[in-house]
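Okay, start.pdb now, which holds PDB, C-alpha atoms, pLDDT in the B column:
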```pdb
ATOM      1  CA  ALA Q   1     101.252 114.304 112.713  1.00 76.00           C
ATOM      2  CA  ILE Q   2      98.542 113.539 110.156  1.00 82.00           C
ATOM      3  CA  PHE Q   3      94.917 114.684 110.350  1.00 83.00           C
ATOM      4  CA  HIS Q   4      92.628 112.522 108.196  1.00 84.00           C
ATOM      5  CA  ALA Q   5      89.119 113.550 107.179  1.00 84.00           C
ATOM      6  CA  ILE Q   6      86.482 112.325 104.748  1.00 83.00           C
ATOM      7  CA  HIS Q   7      85.045 114.772 102.248  1.00 84.00           C
ATOM      8  CA  GLN Q   8      81.478 113.590 102.680  1.00 79.00           C
ATOM      9  CA  CYS Q   9      79.859 111.696 105.546  1.00 75.00           C
ATOM     10  CA  ASN Q  10      78.296 108.347 104.620  1.00 71.00           C
ATOM     11  CA  MET Q  11      75.379 108.892 107.024  1.00 71.00           C
ATOM     12  CA  ARG Q  12      74.612 112.602 107.010  1.00 65.00           C
ATOM     13  CA  PHE Q  13      76.153 113.315 103.578  1.00 62.00           C
ATOM     14  CA  ASP Q  14      77.454 116.675 104.789  1.00 62.00           C
ATOM     15  CA  ALA Q  15      80.474 117.967 102.883  1.00 61.00           C
ATOM     16  CA  MET Q  16      83.751 118.643 104.685  1.00 60.00           C
ATOM     17  CA  PRO Q  17      84.577 122.379 105.057  1.00 61.00           C
ATOM     18  CA  PRO Q  18      87.933 123.663 103.740  1.00 58.00           C
ATOM     19  CA  LEU Q  19      90.892 122.288 105.696  1.00 56.00           C
ATOM     20  CA  SER Q  20      93.067 124.962 107.278  1.00 52.00           C
ATOM     21  CA  THR Q  21      96.513 123.660 108.212  1.00 48.00           C
ATOM     22  CA  GLY Q  22      97.040 126.824 110.249  1.00 49.00           C
ATOM     23  CA  GLN Q  23      94.226 125.842 112.598  1.00 54.00           C
ATOM     24  CA  LEU Q  24      95.839 122.421 113.103  1.00 54.00           C
ATOM     25  CA  SER Q  25      99.357 123.680 113.747  1.00 50.00           C
ATOM     26  CA  ALA Q  26     100.814 123.342 117.208  1.00 47.00           C
ATOM     27  CA  GLU Q  27     103.974 124.826 118.655  1.00 47.00           C
ATOM     28  CA  ASN Q  28     107.054 123.081 117.229  1.00 49.00           C
ATOM     29  CA  HIS Q  29     104.832 120.543 115.492  1.00 58.00           C
ATOM     30  CA  ARG Q  30     103.679 120.171 111.882  1.00 72.00           C
ATOM     31  CA  TRP Q  31     100.290 118.768 110.948  1.00 79.00           C
ATOM     32  CA  TYR Q  32      99.562 117.283 107.526  1.00 85.00           C
ATOM     33  CA  THR Q  33      95.950 117.112 106.326  1.00 86.00           C
ATOM     34  CA  VAL Q  34      94.677 114.148 104.300  1.00 89.00           C
ATOM     35  CA  LEU Q  35      91.267 114.295 102.610  1.00 90.00           C
ATOM     36  CA  ASP Q  36      89.534 111.058 101.588  1.00 91.00           C
ATOM     37  CA  MET Q  37      87.489 111.942  98.497  1.00 90.00           C
ATOM     38  CA  ALA Q  38      86.828 108.380  97.303  1.00 90.00           C
ATOM     39  CA  ARG Q  39      83.078 108.576  97.814  1.00 87.00           C
ATOM     40  CA  ALA Q  40      82.494 112.195  96.877  1.00 88.00           C
ATOM     41  CA  ALA Q  41      84.656 112.075  93.727  1.00 90.00           C
ATOM     42  CA  SER Q  42      82.503 109.270  92.327  1.00 89.00           C
ATOM     43  CA  HIS Q  43      79.444 111.481  91.890  1.00 88.00           C
ATOM     44  CA  SER Q  44      80.304 115.193  92.165  1.00 87.00           C
ATOM     45  CA  PRO Q  45      82.898 117.792  91.123  1.00 88.00           C
ATOM     46  CA  ILE Q  46      85.563 118.647  93.723  1.00 88.00           C
ATOM     47  CA  ASN Q  47      87.553 121.874  94.052  1.00 87.00           C
ATOM     48  CA  LEU Q  48      90.885 120.993  95.665  1.00 88.00           C
ATOM     49  CA  LYS Q  49      92.009 124.612  95.670  1.00 87.00           C
ATOM     50  CA  LYS Q  50      89.040 125.520  97.841  1.00 85.00           C
ATOM     51  CA  LEU Q  51      89.317 122.508 100.163  1.00 85.00           C
ATOM     52  CA  ASN Q  52      93.081 123.038 100.548  1.00 85.00           C
ATOM     53  CA  PRO Q  53      94.304 119.645 101.866  1.00 87.00           C
ATOM     54  CA  ASP Q  54      97.986 118.637 101.866  1.00 88.00           C
ATOM     55  CA  PHE Q  55      97.033 115.238 100.472  1.00 90.00           C
ATOM     56  CA  ALA Q  56      93.862 113.933  98.845  1.00 92.00           C
ATOM     57  CA  CYS Q  57      92.954 110.491  97.546  1.00 93.00           C
ATOM     58  CA  VAL Q  58      90.369 109.069  95.139  1.00 93.00           C
ATOM     59  CA  SER Q  59      89.314 105.570  94.060  1.00 93.00           C
ATOM     60  CA  PHE Q  60      89.024 104.947  90.320  1.00 93.00           C
ATOM     61  CA  TYR Q  61      86.927 101.872  91.016  1.00 91.00           C
ATOM     62  CA  LYS Q  62      84.272 104.063  92.628  1.00 91.00           C
ATOM     63  CA  MET Q  63      84.458 106.528  89.736  1.00 91.00           C
ATOM     64  CA  PHE Q  64      84.395 104.074  86.827  1.00 90.00           C
ATOM     65  CA  GLY Q  65      83.539 100.642  88.264  1.00 88.00           C
ATOM     66  CA  PHE Q  66      86.926  99.467  86.952  1.00 86.00           C
ATOM     67  CA  PRO Q  67      89.791  98.793  87.589  1.00 86.00           C
ATOM     68  CA  THR Q  68      89.774  97.519  91.160  1.00 86.00           C
ATOM     69  CA  GLY Q  69      92.632  98.248  93.530  1.00 86.00           C
ATOM     70  CA  LEU Q  70      93.679 101.496  91.880  1.00 90.00           C
ATOM     71  CA  GLY Q  71      93.421 105.071  93.059  1.00 91.00           C
ATOM     72  CA  ALA Q  72      95.326 108.330  93.054  1.00 91.00           C
ATOM     73  CA  LEU Q  73      97.046 110.400  95.724  1.00 90.00           C
ATOM     74  CA  PHE Q  74      97.181 114.165  95.171  1.00 91.00           C
ATOM     75  CA  VAL Q  75     100.042 115.969  96.888  1.00 89.00           C
ATOM     76  CA  LYS Q  76     100.236 119.729  97.341  1.00 88.00           C
ATOM     77  CA  ARG Q  77     103.346 121.062  95.630  1.00 85.00           C
ATOM     78  CA  THR Q  78     104.219 123.511  98.402  1.00 85.00           C
ATOM     79  CA  ILE Q  79     104.477 121.078 101.334  1.00 80.00           C
ATOM     80  CA  ASP Q  80     107.716 119.620 102.678  1.00 75.00           C
ATOM     81  CA  LEU Q  81     107.677 115.839 102.154  1.00 70.00           C
ATOM     82  CA  HIS Q  82     110.995 115.179 103.854  1.00 69.00           C
ATOM     83  CA  PRO Q  83     109.512 114.356 107.310  1.00 65.00           C
ATOM     84  CA  LEU Q  84     107.239 111.749 105.703  1.00 63.00           C
ATOM     85  CA  ASN Q  85     109.874 110.108 103.513  1.00 56.00           C
ATOM     86  CA  ARG Q  86     111.236 107.965 106.346  1.00 53.00           C
ATOM     87  CA  GLY Q  87     110.411 104.487 105.095  1.00 44.00           C
ATOM     88  CA  LEU Q  88     114.026 103.364 105.600  1.00 42.00           C
ATOM     89  CA  ARG Q  89     116.258 104.995 108.168  1.00 46.00           C
ATOM     90  CA  LEU Q  90     120.060 104.855 107.863  1.00 41.00           C
ATOM     91  CA  SER Q  91     122.056 104.218 111.019  1.00 40.00           C
ATOM     92  CA  GLN Q  92     124.625 106.634 112.375  1.00 40.00           C
ATOM     93  CA  ASN Q  93     128.345 105.852 112.261  1.00 40.00           C
ATOM     94  CA  THR Q  94     129.894 104.397 115.458  1.00 41.00           C
ATOM     95  CA  PRO Q  95     133.703 104.153 115.873  1.00 43.00           C
ATOM     96  CA  LYS Q  96     133.645 100.659 117.522  1.00 46.00           C
ATOM     97  CA  ASP Q  97     131.982  98.937 114.563  1.00 48.00           C
ATOM     98  CA  LYS Q  98     134.478  96.895 112.466  1.00 48.00           C
ATOM     99  CA  SER Q  99     132.017  95.851 109.741  1.00 48.00           C
ATOM    100  CA  PRO Q 100     133.310  96.323 106.153  1.00 46.00           C
ATOM    101  CA  ILE Q 101     129.913  97.746 105.188  1.00 44.00           C
ATOM    102  CA  PRO Q 102     129.795 101.529 105.776  1.00 46.00           C
ATOM    103  CA  HIS Q 103     127.231 102.534 108.405  1.00 43.00           C
ATOM    104  CA  GLN Q 104     125.708 105.185 106.190  1.00 43.00           C
ATOM    105  CA  CYS Q 105     124.587 102.434 103.800  1.00 44.00           C
ATOM    106  CA  ARG Q 106     123.335  99.907 106.353  1.00 43.00           C
ATOM    107  CA  TYR Q 107     119.643  99.226 106.994  1.00 42.00           C
ATOM    108  CA  SER Q 108     118.604 100.194 110.508  1.00 42.00           C
ATOM    109  CA  PRO Q 109     114.867 100.071 111.286  1.00 41.00           C
ATOM    110  CA  THR Q 110     113.620 102.460 113.953  1.00 38.00           C
ATOM    111  CA  VAL Q 111     110.414 102.665 115.943  1.00 35.00           C
ATOM    112  CA  ASP Q 112     108.783 105.085 113.488  1.00 42.00           C
ATOM    113  CA  SER Q 113     110.004 103.440 110.272  1.00 55.00           C
ATOM    114  CA  HIS Q 114     109.167 100.423 108.161  1.00 57.00           C
ATOM    115  CA  THR Q 115     110.885  97.157 109.041  1.00 62.00           C
ATOM    116  CA  TYR Q 116     110.575  95.851 105.489  1.00 67.00           C
ATOM    117  CA  PHE Q 117     110.789  97.052 101.918  1.00 71.00           C
ATOM    118  CA  GLY Q 118     109.466  95.872  98.567  1.00 72.00           C
ATOM    119  CA  GLY Q 119     110.604  95.938  94.965  1.00 71.00           C
ATOM    120  CA  GLY Q 120     111.007  99.379  93.456  1.00 74.00           C
ATOM    121  CA  SER Q 121     111.507 101.188  96.769  1.00 76.00           C
ATOM    122  CA  VAL Q 122     115.297 100.817  96.988  1.00 79.00           C
ATOM    123  CA  ASP Q 123     118.255 101.543  94.702  1.00 82.00           C
ATOM    124  CA  ALA Q 124     120.594  98.795  96.013  1.00 82.00           C
ATOM    125  CA  ILE Q 125     120.524  95.797  98.358  1.00 80.00           C
ATOM    126  CA  LEU Q 126     122.875  92.957  99.407  1.00 82.00           C
ATOM    127  CA  PRO Q 127     121.457  89.497 100.270  1.00 80.00           C
ATOM    128  CA  HIS Q 128     123.738  88.442 103.141  1.00 83.00           C
ATOM    129  CA  THR Q 129     123.988  91.623 105.193  1.00 80.00           C
ATOM    130  CA  ASP Q 130     121.817  94.538 106.281  1.00 76.00           C
ATOM    131  CA  PHE Q 131     122.823  96.769 103.387  1.00 80.00           C
ATOM    132  CA  VAL Q 132     120.314  98.869 101.482  1.00 77.00           C
ATOM    133  CA  ILE Q 133     120.162 102.216  99.769  1.00 80.00           C
ATOM    134  CA  PRO Q 134     116.566 103.525  99.717  1.00 76.00           C
ATOM    135  CA  LYS Q 135     115.303 105.721  96.931  1.00 77.00           C
ATOM    136  CA  GLN Q 136     115.265 109.403  97.819  1.00 72.00           C
ATOM    137  CA  SER Q 137     111.875 110.197  96.269  1.00 68.00           C
ATOM    138  CA  LEU Q 138     108.234 109.195  96.761  1.00 66.00           C
ATOM    139  CA  SER Q 139     109.134 105.931  94.998  1.00 68.00           C
ATOM    140  CA  SER Q 140     110.483 104.738  98.346  1.00 68.00           C
ATOM    141  CA  LEU Q 141     106.860 104.570  99.558  1.00 68.00           C
ATOM    142  CA  VAL Q 142     105.759 102.265  96.698  1.00 73.00           C
ATOM    143  CA  HIS Q 143     106.426  98.588  97.399  1.00 74.00           C
ATOM    144  CA  GLY Q 144     106.047  96.208  94.467  1.00 77.00           C
ATOM    145  CA  THR Q 145     104.962  96.522  90.841  1.00 79.00           C
ATOM    146  CA  VAL Q 146     102.457  99.244  90.071  1.00 81.00           C
ATOM    147  CA  HIS Q 147      99.078  98.351  88.560  1.00 85.00           C
ATOM    148  CA  PHE Q 148     100.179  99.197  85.014  1.00 88.00           C
ATOM    149  CA  GLN Q 149      97.277  97.428  83.281  1.00 89.00           C
ATOM    150  CA  GLY Q 150      94.729  99.342  85.326  1.00 91.00           C
ATOM    151  CA  ILE Q 151      96.567 102.615  84.737  1.00 91.00           C
ATOM    152  CA  ALA Q 152      96.393 102.034  80.983  1.00 92.00           C
ATOM    153  CA  SER Q 153      92.606 101.579  81.284  1.00 92.00           C
ATOM    154  CA  LEU Q 154      91.988 104.928  82.970  1.00 93.00           C
ATOM    155  CA  SER Q 155      91.950 106.888  79.716  1.00 93.00           C
ATOM    156  CA  HIS Q 156      88.790 105.016  78.688  1.00 93.00           C
ATOM    157  CA  GLY Q 157      87.121 105.883  81.993  1.00 92.00           C
ATOM    158  CA  PHE Q 158      87.897 109.585  81.642  1.00 93.00           C
ATOM    159  CA  ALA Q 159      86.698 109.518  78.027  1.00 94.00           C
ATOM    160  CA  GLU Q 160      83.374 108.064  79.188  1.00 92.00           C
ATOM    161  CA  LEU Q 161      83.021 110.779  81.831  1.00 92.00           C
ATOM    162  CA  SER Q 162      83.486 113.408  79.137  1.00 93.00           C
ATOM    163  CA  ARG Q 163      80.970 111.664  76.879  1.00 94.00           C
ATOM    164  CA  VAL Q 164      78.179 111.866  79.466  1.00 92.00           C
ATOM    165  CA  GLY Q 165      78.898 115.520  80.273  1.00 93.00           C
ATOM    166  CA  GLY Q 166      81.404 115.317  83.121  1.00 92.00           C
ATOM    167  CA  MET Q 167      80.954 115.157  86.880  1.00 91.00           C
ATOM    168  CA  ALA Q 168      78.471 118.027  86.945  1.00 88.00           C
ATOM    169  CA  GLU Q 169      75.982 116.004  84.882  1.00 90.00           C
ATOM    170  CA  ILE Q 170      76.672 112.839  86.891  1.00 90.00           C
ATOM    171  CA  SER Q 171      76.025 114.762  90.092  1.00 87.00           C
ATOM    172  CA  LYS Q 172      72.724 116.118  88.799  1.00 86.00           C
ATOM    173  CA  HIS Q 173      71.566 112.711  87.577  1.00 88.00           C
ATOM    174  CA  SER Q 174      72.593 110.758  90.704  1.00 87.00           C
ATOM    175  CA  ARG Q 175      70.956 113.272  93.036  1.00 85.00           C
ATOM    176  CA  SER Q 176      67.749 113.236  91.032  1.00 85.00           C
ATOM    177  CA  LEU Q 177      67.679 109.430  91.336  1.00 89.00           C
ATOM    178  CA  ALA Q 178      68.193 109.694  95.091  1.00 88.00           C
ATOM    179  CA  LEU Q 179      65.420 112.285  95.323  1.00 88.00           C
ATOM    180  CA  GLU Q 180      62.986 109.998  93.510  1.00 89.00           C
ATOM    181  CA  PHE Q 181      64.070 107.056  95.661  1.00 93.00           C
ATOM    182  CA  VAL Q 182      63.533 108.974  98.906  1.00 92.00           C
ATOM    183  CA  GLN Q 183      60.129 110.157  97.764  1.00 90.00           C
ATOM    184  CA  ARG Q 184      59.014 106.592  97.089  1.00 93.00           C
ATOM    185  CA  LEU Q 185      60.457 105.265 100.344  1.00 94.00           C
ATOM    186  CA  LYS Q 186      58.484 107.818 102.355  1.00 92.00           C
ATOM    187  CA  LEU Q 187      55.265 106.610 100.716  1.00 93.00           C
ATOM    188  CA  LEU Q 188      55.753 103.023 101.929  1.00 95.00           C
ATOM    189  CA  ARG Q 189      53.439 102.188 104.857  1.00 96.00           C
ATOM    190  CA  HIS Q 190      52.041  99.099 106.498  1.00 96.00           C
ATOM    191  CA  GLY Q 191      48.354  98.294 106.614  1.00 94.00           C
ATOM    192  CA  ASN Q 192      48.087  99.811 110.096  1.00 94.00           C
ATOM    193  CA  GLY Q 193      49.439 103.112 108.819  1.00 93.00           C
ATOM    194  CA  GLN Q 194      52.910 102.769 110.343  1.00 94.00           C
ATOM    195  CA  PRO Q 195      55.824 103.810 108.084  1.00 94.00           C
ATOM    196  CA  ALA Q 196      57.809 100.921 106.628  1.00 96.00           C
ATOM    197  CA  ILE Q 197      61.052 102.878 106.294  1.00 96.00           C
ATOM    198  CA  ILE Q 198      63.155 105.109 108.563  1.00 94.00           C
ATOM    199  CA  ILE Q 199      65.565 107.389 106.698  1.00 93.00           C
ATOM    200  CA  TYR Q 200      68.683 108.846 108.324  1.00 90.00           C
ATOM    201  CA  GLY Q 201      70.875 111.846 107.681  1.00 84.00           C
ATOM    202  CA  SER Q 202      70.114 114.904 105.591  1.00 82.00           C
ATOM    203  CA  TRP Q 203      67.472 113.101 103.541  1.00 85.00           C
ATOM    204  CA  SER Q 204      65.350 112.378 106.619  1.00 85.00           C
ATOM    205  CA  ASN Q 205      64.148 115.992 106.967  1.00 83.00           C
ATOM    206  CA  PHE Q 206      64.648 117.195 103.423  1.00 80.00           C
ATOM    207  CA  PRO Q 207      61.623 119.212 102.205  1.00 77.00           C
ATOM    208  CA  LEU Q 208      60.670 117.327  99.050  1.00 72.00           C
ATOM    209  CA  GLU Q 209      57.698 119.589  98.263  1.00 68.00           C
ATOM    210  CA  GLN Q 210      59.824 122.722  98.565  1.00 63.00           C
ATOM    211  CA  PHE Q 211      62.383 121.308  96.171  1.00 62.00           C
ATOM    212  CA  TYR Q 212      59.822 120.557  93.484  1.00 58.00           C
ATOM    213  CA  ARG Q 213      58.299 123.981  93.945  1.00 47.00           C
ATOM    214  CA  ASN Q 214      61.500 126.048  93.887  1.00 47.00           C
ATOM    215  CA  ASN Q 215      63.894 123.656  92.069  1.00 56.00           C
ATOM    216  CA  LEU Q 216      66.642 124.052  94.702  1.00 48.00           C
ATOM    217  CA  ASP Q 217      69.373 122.008  92.988  1.00 59.00           C
ATOM    218  CA  ASP Q 218      72.180 123.164  95.284  1.00 60.00           C
ATOM    219  CA  SER Q 219      70.282 122.110  98.400  1.00 67.00           C
ATOM    220  CA  LEU Q 220      70.038 118.423  97.497  1.00 76.00           C
ATOM    221  CA  PRO Q 221      72.005 116.056  99.781  1.00 79.00           C
ATOM    222  CA  GLY Q 222      74.363 113.465  98.356  1.00 78.00           C
ATOM    223  CA  PRO Q 223      73.073 110.520  96.317  1.00 85.00           C
ATOM    224  CA  THR Q 224      73.465 107.888  99.074  1.00 85.00           C
ATOM    225  CA  VAL Q 225      70.394 107.112 101.179  1.00 90.00           C
ATOM    226  CA  ALA Q 226      70.807 105.452 104.597  1.00 90.00           C
ATOM    227  CA  PHE Q 227      67.660 103.782 105.917  1.00 93.00           C
ATOM    228  CA  ASN Q 228      66.178 100.903 107.918  1.00 94.00           C
ATOM    229  CA  ALA Q 229      63.177  98.772 107.028  1.00 95.00           C
ATOM    230  CA  ILE Q 230      60.605  98.597 109.854  1.00 95.00           C
ATOM    231  CA  ARG Q 231      57.997  95.908 110.567  1.00 94.00           C
ATOM    232  CA  PHE Q 232      54.372  96.784 111.275  1.00 93.00           C
ATOM    233  CA  ASP Q 233      55.019  96.569 115.033  1.00 93.00           C
ATOM    234  CA  GLY Q 234      57.944  99.019 114.904  1.00 91.00           C
ATOM    235  CA  THR Q 235      60.746  96.449 115.134  1.00 93.00           C
ATOM    236  CA  TYR Q 236      63.667  96.587 112.742  1.00 94.00           C
ATOM    237  CA  VAL Q 237      64.233  94.196 109.858  1.00 93.00           C
ATOM    238  CA  GLY Q 238      67.715  92.761 110.405  1.00 88.00           C
ATOM    239  CA  TYR Q 239      70.543  93.045 107.920  1.00 82.00           C
ATOM    240  CA  ASN Q 240      70.646  89.281 107.279  1.00 82.00           C
ATOM    241  CA  GLU Q 241      66.908  89.099 106.737  1.00 75.00           C
TER
END
```
What would the structure in this file look like if it were written as structure tokens?
Amino acid sequence: AIFHAIHQCNMRFDAMPPLSTGQLSAENHRWYTVLDMARAASHSPINLKKLNPDFACVSFYKMFGFPTGLGALFVKRTIDLHPLNRGLRLSQNTPKDKSPIPHQCRYSPTVDSHTYFGGGSVDAILPHTDFVIPKQSLSSLVHGTVHFQGIASLSHGFAELSRVGGMAEISKHSRSLALEFVQRLKLLRHGNGQPAIIIYGSWSNFPLEQFYRNNLDDSLPGPTVAFNAIRFDGTYVGYNE
């Protein structure tokens, strides 16, 4: 079984605590933990050793703004991937079958397997019979041509991150922008004194004055601000408005 979690909530912006596979283990059953870091990795440093997931994924589009459709999957070296590498199941030999194609090389989809395959995921295939030899590595999970042009562009994105000081500097800058944004939103009021904005999540009750007084950098929420615009009578401004 697979337990999927996001590293940072899009509404409350709370960070995910370290994932303990031992707490998810059940008798005679193995849990795999998957951590979605796409949002968090775009604006803050991440310590995978501390978070301890079996798998973790990031989006390079969210980190660099380019290329689209490309990310990375991190896999812990110590986990057993064999139970997951079941994209193509091979049927068992039966004595009554007279087919010239050996059973151990014949494609036989099962309930928990793929019923298709794409280029690059198999070592051999025949066009007129159910014969296929799947690759015995993680390549069997990749269907089609990889995004080689986007991969070649990543070095420029990482070079730009280094030029601006790395993720630590990006985190500091993005949070300071969010702090200024929240401060200005809370000042917006209608002529009758009613607030024009409702803020949700950790920013809603964040003590702005205390931050400026004590410079509590570590206490700042994430750089995304969730809010609604409110009319003077307390009704919400719709999304399409």
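Using all atoms listed in the file, the smallest distance between any of Q:Ala41, Q:Val237, Q:Ala178, Q:Val142 and Leu208 in chain Q comes from Q:Ala178.
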Checklist entry - For this file, the PyMOL selection byres ((chain Q and resi 58-71) around 9) selects which residues, as a PyMOL selection string? => result chain Q and resi 36-43+56-57+72-74+147+149-151+153-154+157-158+160-161
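Straight-line separation from CA of Pro134 in chain Q to CA of Gly120 in chain Q: 9.3 Å.
One finds CA of Ile46 in chain Q at 24.8 Å from CA of Ser204 in chain Q.
When only C-alpha atoms are used to measure the gap to Val182 in chain Q, the shortest distance among Q:Ala196, Q:Val225, Q:Ala159, Q:Leu51 belongs to Q:Val225.
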Next on the checklist: I want to know what sits within 10 Å of Leu185 in chain Q, based on all atoms listed in the file, with residues of the same chain fewer than 5 positions away left out; could you give that as a PyMOL selection string?
Outcome noted: chain Q and resi 179-180+195-199+227+229
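Each of Q:Ala152, Q:Gln136, Q:Lys186, Q:Thr235 was checked against Leu81 in chain Q using all atoms listed in the file; the smallest atom-to-atom distance is that of Q:Gln136.
Taken over the whole file, the PyMOL selection byres ((chain Q and resi 55) around 10) covers exactly Ile2, His4, Tyr32, Thr33, Val34, Leu35, Asp36, Leu48, Asn52, Pro53, Asp54, Ala56, Cys57, Leu73, Phe74, Val75, Lys76, Arg77 and Ile79 of chain Q.
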Checklist outcome for this item: re CA of Gln194 in chain Q and CA of Leu177 in chain Q: distance 25.0 Å
Next on the checklist: If we draw a sphere of 6 Å around (120.5, 99.5, 100.8), which residues have at least one atom in it when counting all atoms listed in the file? Please report them as a PyMOL selection string.
Outcome noted: chain Q and resi 105+124-125+131-134
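Nearest to Phe3 in chain Q of all the residues Q:Lys135, Q:Arg30, Q:Lys50, Q:His156 is Q:Arg30, based on only C-alpha atoms.
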Next on the checklist: Running the PyMOL selection byres ((chain Q and resi 223) around 6) on this model by hand, what would come out? Give it as a list in words.
Outcome noted: Ser174, Arg175, Ala178, Gly222 and Thr224 of chain Q
Show me, as lines of an AutoDock Vina configuration file, the centre and edge lengths in Å to one decimal of the axis-aligned box that covers every listed atom of range 69-84 of chain Q with 6 Å on each side.
```
center_x = 101.8
center_y = 110.9
center_z = 99.6
size_x = 30.4
size_y = 37.3
size_z = 27.4
```
